[in-house]
file data18.cif (mmCIF, C-alpha atoms and all ligand atoms)
data_final
#
loop_
_atom_site.label_atom_id
_atom_site.label_comp_id
_atom_site.auth_asym_id
_atom_site.auth_seq_id
_atom_site.Cartn_x
_atom_site.Cartn_y
_atom_site.Cartn_z
CA MET A 1 -16.41 7.17 7.59
CA LYS A 2 -15.02 10.59 6.75
CA SER A 3 -12.60 10.84 3.89
CA TRP A 4 -9.16 12.37 3.70
CA LYS A 5 -7.67 13.46 0.41
CA LEU A 6 -3.94 12.73 0.14
CA GLU A 7 -1.94 14.90 -2.25
CA PRO A 8 1.65 13.87 -3.06
CA LEU A 9 4.04 16.77 -3.66
CA SER A 10 7.66 16.88 -4.81
CA ASP A 11 8.40 20.02 -2.86
CA ARG A 12 11.12 19.24 -0.32
CA ARG A 13 13.41 16.71 1.36
CA GLN A 14 12.36 14.07 3.89
CA THR A 15 12.51 15.00 7.58
CA LYS A 16 12.32 12.86 10.75
CA GLU A 17 8.88 14.37 11.44
CA ASP A 18 7.26 13.03 8.24
CA ASN A 19 4.76 10.26 9.00
CA THR A 20 2.81 10.15 5.71
CA PHE A 21 4.90 10.11 2.55
CA ILE A 22 5.97 8.30 -0.60
CA GLY A 23 9.46 6.87 -1.08
CA GLY A 24 12.62 7.94 0.68
CA LYS A 25 13.46 5.94 3.80
CA PRO A 26 10.69 4.08 5.63
CA LYS A 27 9.94 5.00 9.24
CA LEU A 28 9.38 1.88 11.37
CA PRO A 29 9.56 0.80 15.01
CA PRO A 30 13.22 -0.09 15.79
CA ASP A 31 12.35 -3.77 16.42
CA MET A 32 10.54 -4.21 13.08
CA PRO A 33 12.88 -5.68 10.43
CA LEU A 34 12.82 -4.61 6.77
CA PRO A 35 10.72 -7.19 4.94
CA ARG A 36 12.07 -9.56 2.28
CA CYS A 37 10.33 -11.19 -0.66
CA ARG A 38 9.20 -14.69 0.23
CA LEU A 39 9.46 -15.75 -3.43
CA CYS A 40 12.94 -14.52 -4.46
CA GLY A 41 14.52 -13.56 -1.12
CA LYS A 42 15.40 -10.01 -2.20
CA GLU A 43 14.74 -7.04 0.06
CA LEU A 44 11.36 -5.52 -0.73
CA THR A 45 11.18 -1.95 -2.00
CA PHE A 46 9.57 0.67 0.18
CA PHE A 47 6.72 2.46 -1.66
CA PHE A 48 4.89 4.63 0.86
CA GLN A 49 3.46 4.88 4.34
CA VAL A 50 0.51 6.66 5.90
CA ALA A 51 -0.31 7.65 9.49
CA PHE A 52 -4.06 7.50 10.09
CA PRO A 53 -5.28 10.88 11.36
CA GLN A 54 -7.44 11.80 14.32
CA GLY A 55 -11.04 10.74 13.70
CA HIS A 56 -10.00 7.73 11.59
CA LYS A 57 -10.88 4.32 13.04
CA TRP A 58 -7.17 3.42 13.01
CA GLU A 59 -5.91 6.73 14.40
CA LYS A 60 -2.46 6.51 16.05
CA LYS A 61 -1.62 3.57 13.73
CA SER A 62 0.53 3.71 10.61
CA MET A 63 0.68 1.44 7.57
CA ALA A 64 3.79 0.99 5.40
CA VAL A 65 3.73 -0.76 2.00
CA PHE A 66 6.63 -2.73 0.45
CA TYR A 67 6.68 -4.56 -2.90
CA CYS A 68 9.20 -6.65 -4.89
CA VAL A 69 10.31 -4.75 -8.01
CA GLU A 70 13.53 -6.56 -8.87
CA GLN A 71 11.96 -9.80 -9.99
CA TRP A 72 8.71 -10.37 -11.89
CA HIS A 73 6.40 -12.74 -10.01
CA ASP A 74 3.87 -13.45 -12.71
CA GLN A 75 0.76 -14.73 -10.96
CA TYR A 76 1.49 -12.62 -7.89
CA CYS A 77 1.89 -9.25 -9.62
CA ILE A 78 -1.46 -8.51 -8.00
CA PRO A 79 -2.51 -9.85 -4.56
CA GLU A 80 -3.91 -13.37 -4.42
CA LEU A 81 -7.70 -13.63 -4.24
CA PRO A 82 -9.30 -15.78 -1.55
CA HIS A 83 -11.40 -18.65 -2.92
CA GLY A 84 -15.13 -18.04 -3.02
CA PRO A 85 -18.10 -16.95 -5.08
CA GLY A 86 -17.05 -13.28 -5.22
CA LEU A 87 -15.02 -11.03 -3.00
CA ASN A 88 -18.06 -9.29 -1.53
CA LYS A 89 -19.25 -12.65 -0.18
CA VAL A 90 -15.89 -13.90 1.06
CA ASP A 91 -14.57 -14.06 4.61
CA VAL A 92 -10.86 -13.32 4.44
CA THR A 93 -9.49 -15.56 7.20
CA THR A 94 -6.38 -15.08 9.33
CA ASP A 95 -5.04 -18.32 7.76
CA PHE A 96 -5.25 -16.67 4.35
CA LEU A 97 -3.91 -13.35 5.63
CA THR A 98 -0.80 -14.91 7.18
CA GLN A 99 0.35 -16.39 3.85
CA TYR A 100 -0.90 -14.17 1.00
CA GLN A 101 1.75 -11.45 1.38
CA ARG A 102 4.54 -13.12 -0.60
CA ASN A 103 6.13 -10.48 -2.83
CA PHE A 104 4.71 -7.59 -0.86
CA GLN A 105 4.27 -6.67 2.76
CA VAL A 106 1.93 -4.27 4.52
CA LEU A 107 3.25 -3.39 7.98
CA VAL A 108 1.02 -1.90 10.69
CA PHE A 109 2.50 -0.26 13.79
CA ASP A 110 2.07 2.54 16.33
CA THR A 111 2.95 5.83 14.67
CA GLU A 112 4.69 7.20 17.78
CA LYS A 113 7.13 4.26 17.91
CA ALA A 114 8.47 4.73 14.39
CA VAL A 115 11.93 6.10 13.53
CA PRO A 116 13.56 6.52 10.09
CA VAL A 117 15.41 3.39 8.89
CA GLU A 118 18.74 5.08 8.12
CA ASP A 119 20.46 2.12 6.46
CA TYR A 120 17.68 1.56 3.90
CA GLN A 121 18.86 2.21 0.32
CA GLU A 122 16.26 4.59 -1.17
CA LYS A 123 14.78 3.68 -4.56
CA VAL A 124 11.43 5.45 -4.81
CA ALA A 125 11.92 9.24 -4.76
CA PHE A 126 10.67 10.96 -1.61
CA ARG A 127 7.43 12.92 -1.94
CA SER A 128 5.66 14.63 0.93
CA ILE A 129 1.89 14.18 1.26
CA THR A 130 -0.62 16.76 2.40
CA ILE A 131 -3.83 15.49 4.03
CA THR A 132 -7.14 17.35 3.77
CA GLN A 133 -10.42 16.20 5.27
CA GLU A 134 -13.29 16.14 2.78
CA ASP A 135 -16.97 15.20 2.88
CA LYS A 136 -16.84 13.30 -0.41
CA THR A 137 -14.57 10.89 -2.28
CA ASP A 138 -13.33 11.73 -5.75
CA GLY A 139 -11.95 8.98 -8.01
CA ARG A 140 -9.44 11.40 -9.53
CA TRP A 141 -7.54 11.84 -6.27
CA ASP A 142 -4.21 10.01 -6.16
CA MET A 143 -4.89 8.59 -2.72
CA VAL A 144 -7.80 8.73 -0.32
CA MET A 145 -8.16 7.47 3.26
CA GLY A 146 -11.57 6.33 4.44
CA GLY A 147 -14.49 7.59 2.40
CA ARG A 148 -16.26 5.32 -0.08
CA PRO A 149 -14.77 2.80 -2.50
CA ILE A 150 -14.53 3.90 -6.14
CA TRP A 151 -15.27 0.73 -8.14
CA ILE A 152 -13.81 0.92 -11.62
CA MET A 153 -14.91 -2.54 -12.81
CA GLY A 154 -18.51 -1.85 -11.91
CA GLN A 155 -19.13 -4.46 -9.26
CA PRO A 156 -18.46 -3.85 -5.57
CA GLU A 157 -15.81 -6.09 -4.02
CA LYS A 158 -15.81 -5.26 -0.35
CA PRO A 159 -14.86 -8.43 1.55
CA ALA A 160 -17.59 -9.75 3.86
CA SER A 161 -15.09 -9.95 6.71
CA VAL A 162 -11.37 -9.57 7.37
CA ALA A 163 -9.83 -11.69 10.18
CA GLY A 164 -13.30 -12.23 11.63
CA ASP A 165 -14.13 -8.51 11.61
CA LYS A 166 -17.48 -8.19 9.86
CA LYS A 167 -17.07 -4.46 9.45
CA PRO A 168 -13.75 -4.13 7.65
CA VAL A 169 -12.60 -0.54 7.25
CA LEU A 170 -11.61 0.90 3.92
CA LEU A 171 -8.25 2.26 5.05
CA LEU A 172 -6.88 3.66 1.82
CA GLN A 173 -7.26 3.67 -1.95
CA VAL A 174 -4.52 4.34 -4.48
CA ARG A 175 -5.68 5.54 -7.89
CA GLU A 176 -5.26 3.28 -10.92
CA ASP A 177 -2.12 4.00 -13.00
CA PHE A 178 -0.58 5.97 -10.17
CA LYS A 179 3.21 6.09 -10.73
CA PHE A 180 6.00 6.12 -8.17
CA PRO A 181 8.98 8.09 -9.63
CA ILE A 182 12.36 6.54 -8.78
CA LEU A 183 15.85 7.92 -8.12
CA PRO A 184 18.33 7.93 -11.06
CA ASP A 185 20.45 5.12 -9.56
CA ALA A 186 17.50 2.88 -8.60
CA PRO A 187 17.12 -0.43 -10.47
CA LYS A 188 14.41 -0.48 -13.13
CA GLU A 189 11.28 -2.50 -12.35
CA ALA A 190 11.24 -6.08 -13.67
CA ASP A 191 8.70 -6.29 -16.49
CA PRO A 192 8.50 -9.23 -18.95
CA PHE A 193 6.61 -7.17 -21.53
CA PHE A 194 9.73 -5.23 -22.56
CA PRO A 195 12.60 -6.75 -24.59
CA ALA A 196 15.17 -6.18 -21.84
CA LYS A 197 12.73 -7.70 -19.30
CA VAL A 198 12.87 -4.49 -17.31
CA SER A 199 10.73 -1.40 -17.58
CA PRO A 200 12.42 1.47 -19.50
CA PHE A 201 10.60 4.01 -17.34
CA SER A 202 11.87 6.02 -14.38
CA TRP A 203 8.97 5.06 -12.16
CA TYR A 204 7.57 1.94 -10.49
CA ASN A 205 4.06 0.57 -10.69
CA LEU A 206 2.50 -0.99 -7.61
CA PHE A 207 0.36 -4.09 -8.29
CA ALA A 208 0.64 -3.57 -12.07
CA GLY A 209 -1.02 -0.16 -11.99
CA ASN A 210 -4.38 -1.39 -10.68
CA ARG A 211 -6.59 0.67 -8.40
CA ILE A 212 -5.70 -0.57 -4.91
CA TYR A 213 -8.01 -0.98 -1.91
CA PHE A 214 -6.54 -1.56 1.57
CA TRP A 215 -9.09 -3.15 3.95
CA GLY A 216 -8.47 -3.22 7.68
CA GLY A 217 -9.80 -5.88 10.03
CA GLN A 218 -9.53 -5.82 13.81
CA GLY A 219 -8.53 -9.33 14.94
CA GLN A 220 -8.56 -10.51 18.53
CA GLU A 221 -5.08 -9.21 19.25
CA GLU A 222 -3.84 -7.41 16.18
CA GLU A 223 -4.80 -5.50 13.08
CA TRP A 224 -4.88 -7.19 9.67
CA VAL A 225 -4.80 -5.70 6.20
CA TYR A 226 -6.30 -7.28 3.11
CA VAL A 227 -5.38 -5.76 -0.26
CA SER A 228 -7.68 -6.01 -3.28
CA VAL A 229 -7.39 -4.42 -6.74
CA GLN A 230 -9.49 -3.49 -9.76
CA LYS A 231 -8.50 -2.44 -13.26
ZN ZN B 301 10.66 -11.13 -5.24
#

call {"tool": "encode", "arguments": {"input": "data18.cif", "output": "structure tokens"}}
result
Amino acid sequence: MKSWKLEPLSDRRQTKEDNTFIGGKPKLPPDMPLPRCRLCGKELTFFFQVAFPQGHKWEKKSMAVFYCVEQWHDQYCIPELPHGPGLNKVDVTTDFLTQYQRNFQVLVFDTEKAVPVEDYQEKVAFRSITITQEDKTDGRWDMVMGGRPIWIMGQPEKPASVAGDKKPVLLLQVREDFKFPILPDAPKEADPFFPAKVSPFSWYNLFAGNRIYFWGGQGQEEEWVYVSVQK
């Protein structure tokens, strides 16, 4: 598939027209509730969302990503791996997909139905994103839609299937060590490796700063997203 380079900018405020952005208030269909952490019950933090552009296999769809920052969930700081000999040989089943999003949630919806969630308390600072179509994929880009996977551990880990779809689509990659700057009054991210058990930094990491791969599978009635990481 073609690739689209996504460039985050801190150039302006959020508007109702933004469909691809980091932080600020999420934009969701009115009947879609804000997700909560299934492990600690706290409201998940909105990180970013992307609207897939014309020419993308998921065009007219959007994907929004939420993650629990207020509590450290040790073994789940990165997404659970399905059992099997290696991810590139594994079928990621709908049974697995319905339960593996515990301390994070990836929501998929029709872009045209989404409206800003006005009562969401912003934590990640808003950044606009510009999208440029490219004929290559560069591992230095912060985010890329489509294109080819950049494997940083050497071995390919494309799942054999997602929700029965034997041709899962590489929806998006987020570069390793990509940081999400937060607002001054946002809580610091829970992190057991600091004495105060919270990060001293004014940004959040998503999935412990791994490179993140979002895989899309077309099920019989709905779209599914499987998230894998490498570091
Ligand atoms: Zn939690």

call {"tool": "residues_near_ligand", "arguments": {"input": "data18.cif", "ligand": "ligand ZN 301 (chain B)", "cutoff": "8 Å", "atoms": "only C-alpha atoms and all ligand atoms", "output": "list in words"}}
result
Arg36, Cys37, Arg38, Leu39, Cys40, Gly41, Lys42, Glu43, Leu44, Cys68, Val69, Glu70, Gln71, Trp72, His73, Arg102 and Asn103 of chain A

call {"tool": "atom_distance", "arguments": {"input": "data18.cif", "atom1": "atom CA of A:Lys167", "atom2": "atom CA of A:Gly86"}}
result
17.1 Å

call {"tool": "closest_residue", "arguments": {"input": "data18.cif", "among": "A:Ser128, A:Thr111, A:Thr15, A:Gln101", "to": "A:Val227", "atoms": "all atoms listed in the file"}}
result
A:Gln101

call {"tool": "closest_atom_pairs", "arguments": {"input": "data18.cif", "of": "stretch 19-127 of chain A", "to": "stretch 221-226 of chain A", "cutoff": "12 Å", "atoms": "only C-alpha atoms", "output": "Markdown table"}}
result
| residue | atom | partner | partner_atom | distance |
| --- | --- | --- | --- | --- |
| A:Lys57 | CA | A:Glu223 | CA | 11.5 |
| A:Trp58 | CA | A:Glu223 | CA | 9.2 |
| A:Lys61 | CA | A:Glu223 | CA | 9.6 |
| A:Ser62 | CA | A:Glu223 | CA | 10.9 |
| A:Met63 | CA | A:Val225 | CA | 9.1 |
| A:Ala64 | CA | A:Val225 | CA | 10.9 |
| A:Val65 | CA | A:Val225 | CA | 10.7 |
| A:Pro79 | CA | A:Tyr226 | CA | 8.9 |
| A:Glu80 | CA | A:Tyr226 | CA | 10.0 |
| A:Leu81 | CA | A:Tyr226 | CA | 9.8 |
| A:Pro82 | CA | A:Tyr226 | CA | 10.1 |
| A:Leu87 | CA | A:Tyr226 | CA | 11.3 |
| A:Val90 | CA | A:Tyr226 | CA | 11.8 |
| A:Asp91 | CA | A:Tyr226 | CA | 10.8 |
| A:Val92 | CA | A:Tyr226 | CA | 7.7 |
| A:Thr93 | CA | A:Tyr226 | CA | 9.8 |
| A:Thr94 | CA | A:Trp224 | CA | 8.0 |
| A:Asp95 | CA | A:Trp224 | CA | 11.3 |
| A:Phe96 | CA | A:Tyr226 | CA | 9.5 |
| A:Leu97 | CA | A:Tyr226 | CA | 7.0 |
| A:Thr98 | CA | A:Trp224 | CA | 9.1 |
| A:Gln99 | CA | A:Tyr226 | CA | 11.3 |
| A:Tyr100 | CA | A:Tyr226 | CA | 9.0 |
| A:Gln101 | CA | A:Tyr226 | CA | 9.2 |
| A:Phe104 | CA | A:Tyr226 | CA | 11.7 |
| A:Gln105 | CA | A:Val225 | CA | 9.7 |
| A:Val106 | CA | A:Val225 | CA | 7.1 |
| A:Leu107 | CA | A:Val225 | CA | 8.6 |
| A:Val108 | CA | A:Glu223 | CA | 7.2 |
| A:Phe109 | CA | A:Glu223 | CA | 9.0 |
| A:Asp110 | CA | A:Glu223 | CA | 11.1 |

call {"tool": "atom_distance", "arguments": {"input": "data18.cif", "atom1": "atom CA of A:Met145", "atom2": "atom CA of A:Pro30"}}
result
25.9 Å

call {"tool": "closest_residue", "arguments": {"input": "data18.cif", "among": "A:His56, A:Met32, A:Lys166, A:Phe126", "to": "A:Gly147", "atoms": "only C-alpha atoms"}}
result
A:His56

call {"tool": "residues_around", "arguments": {"input": "data18.cif", "residues": "A:Glu176", "least_positions_apart": "3", "cutoff": "12 Å", "atoms": "all atoms listed in the file", "output": "JSON, numbers by chain"}}
result
{"A": [139, 140, 141, 142, 143, 150, 151, 152, 153, 173, 179, 180, 205, 206, 207, 208, 209, 210, 211, 212, 213, 229, 230, 231]}

call {"tool": "atom_distance", "arguments": {"input": "data18.cif", "atom1": "atom CA of A:Asp119", "atom2": "atom CA of A:Lys25"}}
result
8.4 Å

call {"tool": "residues_around", "arguments": {"input": "data18.cif", "residues": "A:Leu9", "least_positions_apart": "2", "cutoff": "12 Å", "atoms": "all atoms listed in the file", "output": "list in words"}}
result
Leu6, Glu7, Asp11, Arg12, Arg13, Gln14, Thr20, Phe21, Ile22, Gly23, Ala125, Phe126, Arg127, Ser128, Ile129, Thr130, Ile131, Asp142, Phe180 and Pro181 of chain A

call {"tool": "closest_residue", "arguments": {"input": "data18.cif", "among": "A:Ser3, A:Tyr120, A:Phe194, A:Pro184", "to": "A:Pro149", "atoms": "all atoms listed in the file"}}
result
A:Ser3

call {"tool": "residues_around", "arguments": {"input": "data18.cif", "residues": "A:Pro85", "least_positions_apart": "6", "cutoff": "12 Å", "atoms": "all atoms listed in the file", "output": "number ranges by chain"}}
result
A: 91, 157, 159-160

call {"tool": "axis_aligned_box", "arguments": {"input": "data18.cif", "around": "stretch 164-168 of chain A", "padding_each_side": "5 Å", "output": "lines of an AutoDock Vina configuration file"}}
result
center_x = -15.4
center_y = -8.2
center_z = 9.6
size_x = 14.2
size_y = 18.1
size_z = 14.0

call {"tool": "decode", "arguments": {"input": "data18.cif", "residues": "stretch 80-179 of chain A", "atoms": "C-alpha atoms", "output": "PDB file, in the first residue's frame"}}
result
ATOM      1  CA  GLU A  80      -0.248  -8.904  25.361  1.00  0.00           C
ATOM      2  CA  LEU A  81       1.180 -11.311  22.792  1.00  0.00           C
ATOM      3  CA  PRO A  82      -0.996 -14.122  21.458  1.00  0.00           C
ATOM      4  CA  HIS A  83       0.377 -17.607  22.184  1.00  0.00           C
ATOM      5  CA  GLY A  84       2.230 -19.259  19.341  1.00  0.00           C
ATOM      6  CA  PRO A  85       5.578 -19.976  17.747  1.00  0.00           C
ATOM      7  CA  GLY A  86       6.174 -16.377  16.635  1.00  0.00           C
ATOM      8  CA  LEU A  87       3.942 -13.492  15.747  1.00  0.00           C
ATOM      9  CA  ASN A  88       4.438 -13.899  12.007  1.00  0.00           C
ATOM     10  CA  LYS A  89       2.930 -17.394  12.262  1.00  0.00           C
ATOM     11  CA  VAL A  90       0.083 -16.536  14.620  1.00  0.00           C
ATOM     12  CA  ASP A  91      -3.595 -16.089  13.833  1.00  0.00           C
ATOM     13  CA  VAL A  92      -4.876 -13.331  16.104  1.00  0.00           C
ATOM     14  CA  THR A  93      -8.419 -14.508  16.832  1.00  0.00           C
ATOM     15  CA  THR A  94     -11.493 -12.432  17.667  1.00  0.00           C
ATOM     16  CA  ASP A  95     -11.539 -14.214  21.074  1.00  0.00           C
ATOM     17  CA  PHE A  96      -8.080 -12.820  21.769  1.00  0.00           C
ATOM     18  CA  LEU A  97      -8.922  -9.401  20.324  1.00  0.00           C
ATOM     19  CA  THR A  98     -12.014  -8.958  22.519  1.00  0.00           C
ATOM     20  CA  GLN A  99     -10.010  -9.325  25.747  1.00  0.00           C
ATOM     21  CA  TYR A 100      -6.442  -8.091  25.147  1.00  0.00           C
ATOM     22  CA  GLN A 101      -7.234  -4.369  25.371  1.00  0.00           C
ATOM     23  CA  ARG A 102      -7.154  -4.012  29.165  1.00  0.00           C
ATOM     24  CA  ASN A 103      -5.245  -0.832  30.005  1.00  0.00           C
ATOM     25  CA  PHE A 104      -5.607   0.601  26.528  1.00  0.00           C
ATOM     26  CA  GLN A 105      -8.303   0.911  23.929  1.00  0.00           C
ATOM     27  CA  VAL A 106      -8.207   1.420  20.185  1.00  0.00           C
ATOM     28  CA  LEU A 107     -11.542   2.726  18.905  1.00  0.00           C
ATOM     29  CA  VAL A 108     -12.544   2.511  15.226  1.00  0.00           C
ATOM     30  CA  PHE A 109     -15.453   4.543  13.842  1.00  0.00           C
ATOM     31  CA  ASP A 110     -16.756   6.440  10.818  1.00  0.00           C
ATOM     32  CA  THR A 111     -14.861   9.717  10.543  1.00  0.00           C
ATOM     33  CA  GLU A 112     -17.960  11.679   9.474  1.00  0.00           C
ATOM     34  CA  LYS A 113     -19.880  10.684  12.629  1.00  0.00           C
ATOM     35  CA  ALA A 114     -17.301  12.029  15.076  1.00  0.00           C
ATOM     36  CA  VAL A 115     -17.716  15.181  17.179  1.00  0.00           C
ATOM     37  CA  PRO A 116     -15.338  16.641  19.812  1.00  0.00           C
ATOM     38  CA  VAL A 117     -15.897  15.223  23.317  1.00  0.00           C
ATOM     39  CA  GLU A 118     -16.253  18.562  25.121  1.00  0.00           C
ATOM     40  CA  ASP A 119     -16.310  17.231  28.685  1.00  0.00           C
ATOM     41  CA  TYR A 120     -13.029  15.300  28.340  1.00  0.00           C
ATOM     42  CA  GLN A 121     -10.286  16.700  30.606  1.00  0.00           C
ATOM     43  CA  GLU A 122      -7.270  17.213  28.314  1.00  0.00           C
ATOM     44  CA  LYS A 123      -3.930  15.788  29.460  1.00  0.00           C
ATOM     45  CA  VAL A 124      -1.806  15.313  26.339  1.00  0.00           C
ATOM     46  CA  ALA A 125      -1.102  18.681  24.679  1.00  0.00           C
ATOM     47  CA  PHE A 126      -2.848  19.200  21.346  1.00  0.00           C
ATOM     48  CA  ARG A 127      -0.657  18.939  18.240  1.00  0.00           C
ATOM     49  CA  SER A 128      -1.939  19.164  14.701  1.00  0.00           C
ATOM     50  CA  ILE A 129      -0.698  16.601  12.165  1.00  0.00           C
ATOM     51  CA  THR A 130       0.052  17.199   8.509  1.00  0.00           C
ATOM     52  CA  ILE A 131      -0.278  14.221   6.141  1.00  0.00           C
ATOM     53  CA  THR A 132       1.852  13.843   3.011  1.00  0.00           C
ATOM     54  CA  GLN A 133       1.689  10.933   0.591  1.00  0.00           C
ATOM     55  CA  GLU A 134       5.075   9.354  -0.122  1.00  0.00           C
ATOM     56  CA  ASP A 135       6.342   6.461  -2.222  1.00  0.00           C
ATOM     57  CA  LYS A 136       8.653   5.147   0.504  1.00  0.00           C
ATOM     58  CA  THR A 137       8.674   4.594   4.267  1.00  0.00           C
ATOM     59  CA  ASP A 138      11.350   6.180   6.422  1.00  0.00           C
ATOM     60  CA  GLY A 139      12.012   4.850   9.937  1.00  0.00           C
ATOM     61  CA  ARG A 140      12.843   8.351  11.175  1.00  0.00           C
ATOM     62  CA  TRP A 141       9.312   9.637  10.620  1.00  0.00           C
ATOM     63  CA  ASP A 142       7.306  10.068  13.827  1.00  0.00           C
ATOM     64  CA  MET A 143       4.264   8.335  12.382  1.00  0.00           C
ATOM     65  CA  VAL A 144       3.490   6.648   9.094  1.00  0.00           C
ATOM     66  CA  MET A 145       0.232   5.231   7.712  1.00  0.00           C
ATOM     67  CA  GLY A 146       0.407   2.271   5.361  1.00  0.00           C
ATOM     68  CA  GLY A 147       3.758   1.719   3.706  1.00  0.00           C
ATOM     69  CA  ARG A 148       6.094  -1.029   4.905  1.00  0.00           C
ATOM     70  CA  PRO A 149       6.903  -2.097   8.464  1.00  0.00           C
ATOM     71  CA  ILE A 150      10.224  -0.874   9.868  1.00  0.00           C
ATOM     72  CA  TRP A 151      11.473  -3.787  12.012  1.00  0.00           C
ATOM     73  CA  ILE A 152      13.900  -2.603  14.663  1.00  0.00           C
ATOM     74  CA  MET A 153      14.523  -5.995  16.299  1.00  0.00           C
ATOM     75  CA  GLY A 154      15.485  -7.561  12.997  1.00  0.00           C
ATOM     76  CA  GLN A 155      12.802 -10.188  12.610  1.00  0.00           C
ATOM     77  CA  PRO A 156       9.475  -9.496  10.908  1.00  0.00           C
ATOM     78  CA  GLU A 157       6.421  -9.864  13.138  1.00  0.00           C
ATOM     79  CA  LYS A 158       3.455  -9.372  10.871  1.00  0.00           C
ATOM     80  CA  PRO A 159       0.597 -11.512  12.228  1.00  0.00           C
ATOM     81  CA  ALA A 160      -0.548 -14.284   9.875  1.00  0.00           C
ATOM     82  CA  SER A 161      -4.148 -13.144  10.278  1.00  0.00           C
ATOM     83  CA  VAL A 162      -6.240 -10.721  12.325  1.00  0.00           C
ATOM     84  CA  ALA A 163      -9.868 -11.703  13.090  1.00  0.00           C
ATOM     85  CA  GLY A 164      -9.754 -14.221  10.250  1.00  0.00           C
ATOM     86  CA  ASP A 165      -8.438 -11.673   7.749  1.00  0.00           C
ATOM     87  CA  LYS A 166      -5.381 -13.257   6.138  1.00  0.00           C
ATOM     88  CA  LYS A 167      -4.267  -9.955   4.675  1.00  0.00           C
ATOM     89  CA  PRO A 168      -4.066  -7.675   7.701  1.00  0.00           C
ATOM     90  CA  VAL A 169      -3.318  -4.069   6.827  1.00  0.00           C
ATOM     91  CA  LEU A 170      -0.495  -2.150   8.421  1.00  0.00           C
ATOM     92  CA  LEU A 171      -2.593   0.841   9.469  1.00  0.00           C
ATOM     93  CA  LEU A 172      -0.041   2.934  11.304  1.00  0.00           C
ATOM     94  CA  GLN A 173       3.390   2.918  12.920  1.00  0.00           C
ATOM     95  CA  VAL A 174       4.553   5.175  15.735  1.00  0.00           C
ATOM     96  CA  ARG A 175       8.307   5.664  16.002  1.00  0.00           C
ATOM     97  CA  GLU A 176      10.177   4.221  18.993  1.00  0.00           C
ATOM     98  CA  ASP A 177      10.794   6.725  21.829  1.00  0.00           C
ATOM     99  CA  PHE A 178       8.169   9.075  20.452  1.00  0.00           C
ATOM    100  CA  LYS A 179       7.048  11.389  23.289  1.00  0.00           C
TER     101      LYS A 179
END
